[in-house]
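Data block for data-v8.tsv (TSV, C-alpha atoms and all ligand atoms):
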chain	number	residue	atom	x	y	z
A	1	MET	CA	-13.51	-31.66	14.41
A	2	ALA	CA	-10.84	-29.57	16.13
A	3	LEU	CA	-10.70	-25.92	15.21
A	4	HIS	CA	-7.60	-24.97	13.21
A	5	LEU	CA	-6.16	-21.48	12.87
A	6	HIS	CA	-3.39	-20.00	10.75
A	7	ASN	CA	-0.79	-18.66	13.19
A	8	THR	CA	1.39	-15.85	11.81
A	9	LEU	CA	4.02	-16.77	14.41
A	10	SER	CA	4.60	-20.25	12.94
A	11	ARG	CA	3.30	-19.55	9.40
A	12	LYS	CA	1.30	-22.73	9.82
A	13	VAL	CA	-2.26	-23.88	10.29
A	14	GLU	CA	-2.35	-25.23	13.85
A	15	PRO	CA	-5.01	-26.93	15.96
A	16	PHE	CA	-6.50	-24.43	18.39
A	17	GLU	CA	-5.66	-25.42	21.94
A	18	PRO	CA	-6.30	-22.62	24.45
A	19	LEU	CA	-3.74	-22.10	27.24
A	20	ASP	CA	-6.43	-22.76	29.83
A	21	PRO	CA	-8.02	-26.20	29.35
A	22	ASP	CA	-11.24	-25.04	31.06
A	23	GLY	CA	-12.42	-23.49	27.77
A	24	SER	CA	-11.80	-19.83	28.53
A	25	VAL	CA	-10.06	-17.90	25.75
A	26	GLY	CA	-8.31	-14.53	25.98
A	27	MET	CA	-8.56	-12.53	22.77
A	28	TYR	CA	-7.05	-9.10	22.12
A	29	CYS	CA	-7.73	-7.04	19.04
A	30	CYS	CA	-5.88	-3.77	18.41
A	31	GLY	CA	-8.57	-1.12	18.43
A	32	PRO	CA	-8.93	2.17	16.62
A	33	THR	CA	-6.75	5.24	16.91
A	34	VAL	CA	-9.47	7.80	17.46
A	35	HIS	CA	-8.06	10.64	15.37
A	36	ASP	CA	-10.74	10.55	12.66
A	37	PHE	CA	-13.67	8.43	11.41
A	38	ALA	CA	-12.55	4.85	10.81
A	39	HIS	CA	-12.46	3.78	7.14
A	40	ILE	CA	-13.79	0.57	5.63
A	41	GLY	CA	-10.30	-1.00	5.63
A	42	ASN	CA	-10.26	-0.62	9.43
A	43	PHE	CA	-13.73	-2.10	9.67
A	44	ARG	CA	-12.76	-5.16	7.68
A	45	THR	CA	-10.46	-6.06	10.60
A	46	PHE	CA	-13.16	-5.45	13.22
A	47	VAL	CA	-15.75	-7.48	11.35
A	48	PHE	CA	-13.16	-10.28	11.05
A	49	ALA	CA	-12.52	-10.13	14.82
A	50	ASP	CA	-16.26	-10.23	15.46
A	51	LEU	CA	-16.57	-13.32	13.29
A	52	VAL	CA	-13.72	-15.07	15.15
A	53	ARG	CA	-15.30	-14.27	18.51
A	54	ARG	CA	-18.80	-15.37	17.45
A	55	TYR	CA	-17.45	-18.62	16.02
A	56	LEU	CA	-15.42	-19.41	19.16
A	57	GLU	CA	-18.53	-18.80	21.26
A	58	PHE	CA	-20.55	-20.98	18.90
A	59	ARG	CA	-17.97	-23.72	19.54
A	60	GLY	CA	-18.56	-23.36	23.28
A	61	TYR	CA	-15.52	-21.31	24.29
A	62	ASP	CA	-15.87	-18.64	26.94
A	63	VAL	CA	-14.19	-15.73	25.18
A	64	ASN	CA	-12.80	-12.72	27.02
A	65	HIS	CA	-12.57	-10.14	24.25
A	66	VAL	CA	-10.44	-7.02	24.79
A	67	MET	CA	-10.20	-4.16	22.30
A	68	ASN	CA	-8.27	-1.03	23.19
A	69	ILE	CA	-8.77	2.58	22.24
A	70	THR	CA	-5.60	4.40	21.22
A	71	ASP	CA	-6.41	7.89	22.42
A	72	VAL	CA	-2.89	9.28	22.50
A	73	GLU	CA	-0.38	9.19	19.63
A	74	ASP	CA	1.30	11.57	17.19
A	75	LYS	CA	-1.64	12.24	14.83
A	76	ILE	CA	-4.04	12.91	17.69
A	77	ILE	CA	-1.62	15.32	19.38
A	78	ARG	CA	-1.13	17.17	16.11
A	79	ARG	CA	-4.89	17.58	15.61
A	80	VAL	CA	-5.42	18.66	19.24
A	81	ARG	CA	-2.81	21.37	18.69
A	82	GLU	CA	-4.24	22.45	15.34
A	83	GLN	CA	-7.79	22.68	16.68
A	84	ASN	CA	-6.80	24.20	20.01
A	85	THR	CA	-8.84	21.67	21.97
A	86	THR	CA	-8.14	19.11	24.69
A	87	LEU	CA	-7.16	15.49	24.12
A	88	ALA	CA	-10.30	14.16	25.84
A	89	GLU	CA	-12.62	16.46	23.92
A	90	TYR	CA	-11.01	15.71	20.58
A	91	THR	CA	-10.95	11.92	20.93
A	92	ALA	CA	-14.45	11.57	22.47
A	93	GLN	CA	-16.22	12.54	19.23
A	94	TYR	CA	-14.39	9.89	17.16
A	95	GLU	CA	-14.70	7.27	19.85
A	96	ASP	CA	-18.49	7.75	19.92
A	97	ALA	CA	-18.60	7.62	16.12
A	98	PHE	CA	-16.55	4.42	16.09
A	99	PHE	CA	-18.92	2.57	18.44
A	100	ALA	CA	-21.95	3.80	16.54
A	101	ASP	CA	-20.37	2.42	13.33
A	102	LEU	CA	-19.58	-0.95	14.98
A	103	LYS	CA	-23.25	-1.22	15.92
A	104	VAL	CA	-24.32	-0.50	12.35
A	105	LEU	CA	-22.08	-3.40	11.28
A	106	ASN	CA	-23.65	-5.63	13.96
A	107	CYS	CA	-20.31	-6.24	15.71
A	108	THR	CA	-20.50	-7.50	19.27
A	109	GLU	CA	-18.97	-5.06	21.74
A	110	ALA	CA	-15.76	-6.27	23.42
A	111	HIS	CA	-15.99	-7.22	27.11
A	112	HIS	CA	-13.25	-4.75	27.95
A	113	ILE	CA	-12.49	-1.53	26.08
A	114	PRO	CA	-9.45	-0.03	27.82
A	115	LYS	CA	-8.18	3.42	26.89
A	116	ALA	CA	-4.46	4.10	26.60
A	117	THR	CA	-4.65	7.29	28.67
A	118	ASP	CA	-6.13	5.32	31.59
A	119	HIS	CA	-3.15	2.93	31.64
A	120	ILE	CA	-0.08	5.14	31.80
A	121	PRO	CA	1.10	3.64	35.18
A	122	GLU	CA	0.96	0.11	33.68
A	123	MET	CA	3.06	1.29	30.72
A	124	ILE	CA	5.60	2.92	33.05
A	125	ASP	CA	5.76	-0.34	34.98
A	126	ILE	CA	6.70	-2.35	31.86
A	127	ILE	CA	9.28	0.25	30.80
A	128	SER	CA	10.80	0.17	34.32
A	129	LYS	CA	11.20	-3.61	34.07
A	130	LEU	CA	12.88	-3.25	30.67
A	131	MET	CA	15.23	-0.61	32.12
A	132	GLU	CA	16.09	-2.91	35.03
A	133	ARG	CA	16.90	-5.73	32.63
A	134	GLY	CA	19.08	-3.46	30.49
A	135	ILE	CA	16.84	-3.83	27.45
A	136	ALA	CA	15.76	-0.17	27.45
A	137	TYR	CA	17.86	2.99	27.75
A	138	GLN	CA	17.43	6.73	28.05
A	139	ALA	CA	18.87	8.65	25.11
A	140	ALA	CA	20.21	12.18	24.91
A	141	ASP	CA	16.75	13.51	24.02
A	142	GLN	CA	15.54	12.07	27.38
A	143	SER	CA	13.22	9.59	25.62
A	144	ILE	CA	13.38	5.90	26.49
A	145	TYR	CA	14.15	3.47	23.69
A	146	PHE	CA	13.97	-0.29	23.37
A	147	SER	CA	17.33	-1.78	22.50
A	148	ILE	CA	16.87	-4.59	20.01
A	149	GLU	CA	20.54	-5.47	20.28
A	150	ASN	CA	20.34	-6.00	24.05
A	151	TYR	CA	17.07	-7.88	23.66
A	152	GLN	CA	18.68	-10.26	21.20
A	153	GLY	CA	21.67	-10.46	23.56
A	154	CYS	CA	19.33	-11.95	26.18
A	155	GLY	CA	18.69	-14.85	23.83
A	156	CYS	CA	15.41	-13.44	22.48
A	157	GLN	CA	14.65	-13.14	18.81
A	158	TYR	CA	13.22	-9.95	17.33
A	159	GLY	CA	11.20	-10.19	14.13
A	160	ARG	CA	9.46	-13.55	14.45
A	161	LEU	CA	6.17	-12.49	12.88
A	162	VAL	CA	7.57	-11.06	9.69
A	163	LYS	CA	10.83	-13.04	9.76
A	164	LEU	CA	13.17	-10.07	9.75
A	165	ASN	CA	16.82	-10.50	9.09
A	166	PHE	CA	18.42	-8.60	11.92
A	167	GLU	CA	21.78	-8.42	10.17
A	168	GLU	CA	20.20	-6.46	7.35
A	169	MET	CA	18.56	-3.98	9.63
A	170	ARG	CA	19.89	-0.48	9.77
A	171	GLN	CA	21.23	-0.55	13.28
A	172	GLY	CA	21.23	2.48	15.52
A	173	GLU	CA	18.35	4.22	13.79
A	174	ARG	CA	15.82	5.49	16.27
A	175	VAL	CA	12.16	5.79	15.62
A	176	SER	CA	10.48	8.57	17.52
A	177	ASP	CA	7.50	8.67	15.19
A	178	ASP	CA	4.80	6.08	15.86
A	179	GLU	CA	2.39	6.69	13.04
A	180	TYR	CA	0.85	3.69	11.29
A	181	GLU	CA	2.74	4.09	8.05
A	182	LYS	CA	6.12	4.26	9.74
A	183	GLU	CA	8.00	1.05	9.10
A	184	SER	CA	11.46	1.89	10.24
A	185	VAL	CA	13.59	-0.80	11.77
A	186	ALA	CA	15.84	-0.94	14.85
A	187	ASP	CA	15.30	0.69	18.24
A	188	PHE	CA	11.89	2.15	18.90
A	189	ALA	CA	10.51	4.63	21.44
A	190	LEU	CA	8.87	3.34	24.61
A	191	TRP	CA	8.53	6.74	26.27
A	192	LYS	CA	8.77	10.04	24.42
A	193	ALA	CA	10.14	12.97	26.36
A	194	ARG	CA	7.89	16.02	26.37
A	195	VAL	CA	8.52	18.46	23.54
A	196	GLU	CA	6.94	21.84	22.94
A	197	GLU	CA	4.58	20.53	20.23
A	198	ASP	CA	2.98	18.14	22.73
A	199	GLY	CA	1.28	21.10	24.42
A	200	GLU	CA	-0.55	19.91	27.50
A	201	VAL	CA	-0.42	16.23	26.50
A	202	TYR	CA	2.11	14.75	28.92
A	203	TRP	CA	2.40	12.64	32.05
A	204	PRO	CA	5.04	12.42	34.80
A	205	SER	CA	7.37	9.42	34.79
A	206	PRO	CA	10.60	8.35	36.54
A	207	TRP	CA	12.41	9.63	33.41
A	208	GLY	CA	10.75	13.03	33.20
A	209	GLU	CA	7.53	14.32	31.67
A	210	GLY	CA	6.42	12.74	28.44
A	211	ARG	CA	4.03	10.28	26.86
A	212	PRO	CA	4.09	6.62	25.88
A	213	GLY	CA	5.01	5.27	22.46
A	214	TRP	CA	2.15	3.63	20.59
A	215	HIS	CA	3.40	0.03	20.82
A	216	ILE	CA	3.75	-0.05	24.62
A	217	GLU	CA	0.07	0.90	24.96
A	218	CYS	CA	-1.15	-2.46	23.64
A	219	SER	CA	1.35	-4.50	25.70
A	220	ALA	CA	0.18	-2.78	28.91
A	221	MET	CA	-3.55	-3.05	28.27
A	222	SER	CA	-3.56	-6.61	26.94
A	223	MET	CA	-1.43	-8.06	29.75
A	224	LYS	CA	-3.37	-6.18	32.43
A	225	LEU	CA	-6.69	-7.67	31.32
A	226	LEU	CA	-5.63	-11.06	29.91
A	227	GLY	CA	-2.46	-11.91	31.85
A	228	THR	CA	1.19	-12.12	30.79
A	229	SER	CA	0.39	-14.97	28.36
A	230	PHE	CA	-2.87	-15.20	26.44
A	231	ASP	CA	-4.39	-17.09	23.52
A	232	LEU	CA	-5.24	-14.84	20.59
A	233	HIS	CA	-4.03	-11.51	19.26
A	234	LEU	CA	-5.72	-10.13	16.16
A	235	GLY	CA	-5.15	-7.16	13.91
A	236	GLY	CA	-4.73	-6.01	10.35
A	237	GLU	CA	-1.64	-7.32	8.53
A	238	ASP	CA	-0.29	-3.77	8.32
A	239	LEU	CA	0.15	-3.93	12.12
A	240	ALA	CA	2.33	-7.08	12.10
A	241	PHE	CA	5.44	-4.93	11.70
A	242	PRO	CA	6.48	-2.94	13.55
A	243	HIS	CA	3.52	-2.71	15.97
A	244	HIS	CA	3.03	-6.39	16.83
A	245	GLU	CA	6.72	-7.27	16.65
A	246	ASP	CA	7.36	-4.50	19.15
A	247	GLU	CA	4.50	-5.66	21.37
A	248	ILE	CA	6.10	-9.13	21.54
A	249	ALA	CA	9.57	-7.74	22.25
A	250	GLN	CA	8.42	-5.36	25.00
A	251	SER	CA	6.14	-7.87	26.68
A	252	GLU	CA	8.47	-10.87	26.58
A	253	GLY	CA	11.45	-8.64	27.38
A	254	ALA	CA	9.68	-7.45	30.54
A	255	THR	CA	8.08	-10.70	31.73
A	256	GLY	CA	10.40	-13.37	30.34
A	257	LYS	CA	7.27	-15.37	29.37
A	258	PRO	CA	5.67	-16.10	26.00
A	259	PHE	CA	3.25	-13.26	25.18
A	260	VAL	CA	0.65	-14.65	22.73
A	261	LYS	CA	0.02	-18.19	21.48
A	262	TYR	CA	-1.82	-17.48	18.22
A	263	TRP	CA	-1.45	-14.38	16.03
A	264	LEU	CA	-4.19	-13.82	13.44
A	265	HIS	CA	-3.83	-11.12	10.80
A	266	GLY	CA	-6.51	-9.91	8.41
A	267	ALA	CA	-5.41	-8.91	4.91
A	268	HIS	CA	-5.65	-5.51	3.24
A	269	LEU	CA	-8.67	-4.10	1.55
A	270	LEU	CA	-8.39	-2.45	-1.86
A	271	VAL	CA	-11.09	-0.24	-3.31
A	272	GLU	CA	-11.83	-0.65	-7.02
A	273	GLY	CA	-8.46	-2.43	-7.39
A	274	LYS	CA	-6.38	0.31	-5.80
A	275	LYS	CA	-5.01	1.17	-2.40
A	276	MET	CA	-7.53	3.39	-0.70
A	277	SER	CA	-6.45	7.03	-0.67
A	278	LYS	CA	-8.15	10.39	-0.42
A	279	SER	CA	-6.29	11.70	-3.47
A	280	LEU	CA	-7.60	8.83	-5.67
A	281	GLY	CA	-11.17	9.51	-4.56
A	282	ASN	CA	-11.63	5.88	-3.45
A	283	PHE	CA	-11.45	6.51	0.29
A	284	TYR	CA	-14.60	5.51	2.16
A	285	THR	CA	-15.69	5.66	5.74
A	286	LEU	CA	-18.68	3.51	6.70
A	287	ARG	CA	-20.70	6.73	6.86
A	288	ASP	CA	-19.92	7.46	3.19
A	289	LEU	CA	-21.49	4.12	2.20
A	290	ILE	CA	-24.54	4.66	4.41
A	291	ASP	CA	-24.97	8.09	2.78
A	292	LYS	CA	-24.98	6.32	-0.60
A	293	GLY	CA	-28.00	4.30	0.54
A	294	TYR	CA	-26.38	1.02	1.62
A	295	ASP	CA	-26.90	-0.45	5.07
A	296	GLY	CA	-24.59	-2.08	7.62
A	297	ARG	CA	-25.76	-5.63	6.83
A	298	GLU	CA	-24.85	-5.23	3.17
A	299	VAL	CA	-21.40	-3.87	3.98
A	300	ARG	CA	-20.81	-6.66	6.52
A	301	GLN	CA	-22.02	-9.31	4.06
A	302	LEU	CA	-19.58	-8.06	1.44
A	303	MET	CA	-16.66	-7.99	3.88
A	304	ILE	CA	-17.19	-11.53	5.13
A	305	SER	CA	-17.73	-12.93	1.64
A	306	ALA	CA	-13.93	-13.14	1.17
A	307	HIS	CA	-11.40	-15.15	3.15
A	308	TYR	CA	-9.84	-12.92	5.80
A	309	ARG	CA	-6.26	-13.72	4.73
A	310	GLU	CA	-6.87	-12.71	1.12
A	311	THR	CA	-6.55	-9.16	-0.11
A	312	PHE	CA	-10.10	-8.07	-0.79
A	313	ASN	CA	-11.16	-5.82	-3.62
A	314	PHE	CA	-14.06	-3.72	-2.43
A	315	THR	CA	-16.20	-2.40	-5.28
A	316	MET	CA	-19.57	-0.68	-5.56
A	317	ALA	CA	-20.67	-3.49	-7.89
A	318	GLY	CA	-19.73	-5.93	-5.12
A	319	LEU	CA	-21.85	-3.95	-2.69
A	320	ASP	CA	-24.81	-4.18	-5.07
A	321	GLY	CA	-24.17	-7.94	-5.25
A	322	ALA	CA	-24.20	-8.10	-1.44
A	323	ARG	CA	-27.55	-6.30	-1.49
A	324	THR	CA	-28.96	-8.95	-3.84
A	325	ALA	CA	-27.50	-11.74	-1.67
A	326	MET	CA	-29.05	-10.25	1.49
A	327	ALA	CA	-32.43	-9.88	-0.26
A	328	ARG	CA	-32.29	-13.58	-1.23
A	329	ILE	CA	-31.44	-14.62	2.33
A	330	ASP	CA	-34.24	-12.43	3.71
A	331	GLU	CA	-36.70	-13.93	1.22
A	332	CYS	CA	-35.65	-17.46	2.15
A	333	VAL	CA	-36.01	-16.71	5.89
A	334	ALA	CA	-39.47	-15.18	5.30
A	335	LYS	CA	-40.57	-18.31	3.38
A	336	LEU	CA	-39.28	-20.59	6.13
A	337	ARG	CA	-41.18	-18.52	8.71
A	338	ASP	CA	-44.37	-18.79	6.65
A	339	ALA	CA	-43.87	-22.54	6.27
A	340	LYS	CA	-43.33	-22.87	10.02
A	341	ALA	CA	-46.48	-20.84	10.72
A	342	ASP	CA	-48.47	-23.01	8.26
A	343	ALA	CA	-47.07	-26.18	9.81
A	344	GLY	CA	-48.00	-24.79	13.24
A	345	ASP	CA	-51.59	-24.24	12.07
A	346	ALA	CA	-51.74	-27.74	10.65
A	347	THR	CA	-50.40	-29.19	13.90
A	348	ALA	CA	-52.91	-27.14	15.88
A	349	ASP	CA	-55.71	-28.36	13.58
A	350	ALA	CA	-54.57	-31.97	14.00
A	351	ILE	CA	-54.49	-31.64	17.78
A	352	ALA	CA	-57.91	-29.97	17.79
A	353	GLY	CA	-59.29	-32.70	15.46
A	354	SER	CA	-58.09	-35.53	17.68
A	355	HIS	CA	-60.13	-34.28	20.63
A	401	ZN	ZN	-2.07	-2.81	19.21
Take the structure in this file and express it as structure tokens.
Ligand SMILES: [Zn+2]
Amino acid sequence: MALHLHNTLSRKVEPFEPLDPDGSVGMYCCGPTVHDFAHIGNFRTFVFADLVRRYLEFRGYDVNHVMNITDVEDKIIRRVREQNTTLAEYTAQYEDAFFADLKVLNCTEAHHIPKATDHIPEMIDIISKLMERGIAYQAADQSIYFSIENYQGCGCQYGRLVKLNFEEMRQGERVSDDEYEKESVADFALWKARVEEDGEVYWPSPWGEGRPGWHIECSAMSMKLLGTSFDLHLGGEDLAFPHHEDEIAQSEGATGKPFVKYWLHGAHLLVEGKKMSKSLGNFYTLRDLIDKGYDGREVRQLMISAHYRETFNFTMAGLDGARTAMARIDECVAKLRDAKADAGDATADAIAGSH
């Protein structure tokens, strides 16, 4: 039976037909922003991506899995400044922690793990193309912005993933902040001109010193490793807008080709029925759960017990249930192993008896 996937782009369940008929599949999953330890909501997305990859491989596809590391953005720069450290030193600790956590959850490592700070020239290249096509402009603050109006003027549609109504958007508003929770509409920053608070975090560019916006990072790294058009792009549903919408606009605006064929989004995770937050005391990193005596298999089992497109309510009682479920599976596997060993003995006896 053909594999079917729900594509956020069409809002439909579609048969999976990779762009390349030889069975190779390009898959990009937005990776962590290494400003802190990742929380269990983040890990739900990574476990989901791991499941997709493992299943595609089980079906015989040759998957090229890319997951980036966002090692430069507003929060990171703020922490680097506060702690009087360097960008590389600050991000390395959380990057190491992230990969250790992925291992605990038994997630397969991506084939390519590009870092944003290693791909600044590729980002500048995309921005240059957008400038040439008149889809990007330099504003009075020297930053470069993506013009949604000019993009739409080229016959392209902005807002296909979340079906935005452009007429209702507050036009002219500029977004210089690229933090996750920011959901402002209209033009967004591609390149942010250097400001005093950036400290030593800046790179040269044709438009002056500065740093990339968050969205352009994923466009540059995904297209470098998977080509201008590729099969699958995954991420949490909170990234669909503006992050993924902006990725589509920048990439298609620069190349004039379709960016991604299938968009898959994992749903939110609640904890004890509420949005996870430090002030509510229901905020957990994977490490918090390990400290409580649970292991990675139990956490993974609980996360994959729900459909990825459904909001999942993570509870401690659920985690205890996952422990019971894992114990049952382990017991069943042990019994099957014993039965196989017994059968092996019987076969050996039969062979010995026949001689
Ligand atoms: Zn991304």
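You will find atom CA of A:Ala254 at 7.7 Å from atom CA of A:Arg133.
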Query - Selection near stretch 62-64 of chain A, 12 Å with only C-alpha atoms, sequence-local residues under 3 positions removed, as a PyMOL selection string - result: chain A and resi 18+20-29+49-50+52-59+67+108-113+222+225-227+230-233
Report task. Around ligand ZN 401 (chain A), at most 10 Å away and counting all atoms listed in the file, which residues are there? Put them as an MDAnalysis selection string, please. Result -> chainID A and resid 28:33 67:70 214:222 233:236 239:240 243:244 246:247
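When all atoms listed in the file are used to compute distances to A:Gln93, the closest of the residues A:Lys129, A:His35, A:Arg337, A:Lys115 turns out to be A:His35.
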Name all residues at most 9 Å from A:Thr228 (count only C-alpha atoms; drop same-chain ones fewer than 3 positions away) and give them as a compact mmCIF listing (two decimals) with C-alpha atoms, keeping the file's coordinate frame.
# COMPACT_ATOMS: atom_id res chain seq x y z
CA SER A 222 -3.56 -6.61 26.94
CA MET A 223 -1.43 -8.06 29.75
CA LYS A 224 -3.37 -6.18 32.43
CA SER A 251 6.14 -7.87 26.68
CA GLU A 252 8.47 -10.87 26.58
CA THR A 255 8.08 -10.70 31.73
CA LYS A 257 7.27 -15.37 29.37
CA PRO A 258 5.67 -16.10 26.00
CA PHE A 259 3.25 -13.26 25.18
CA VAL A 260 0.65 -14.65 22.73
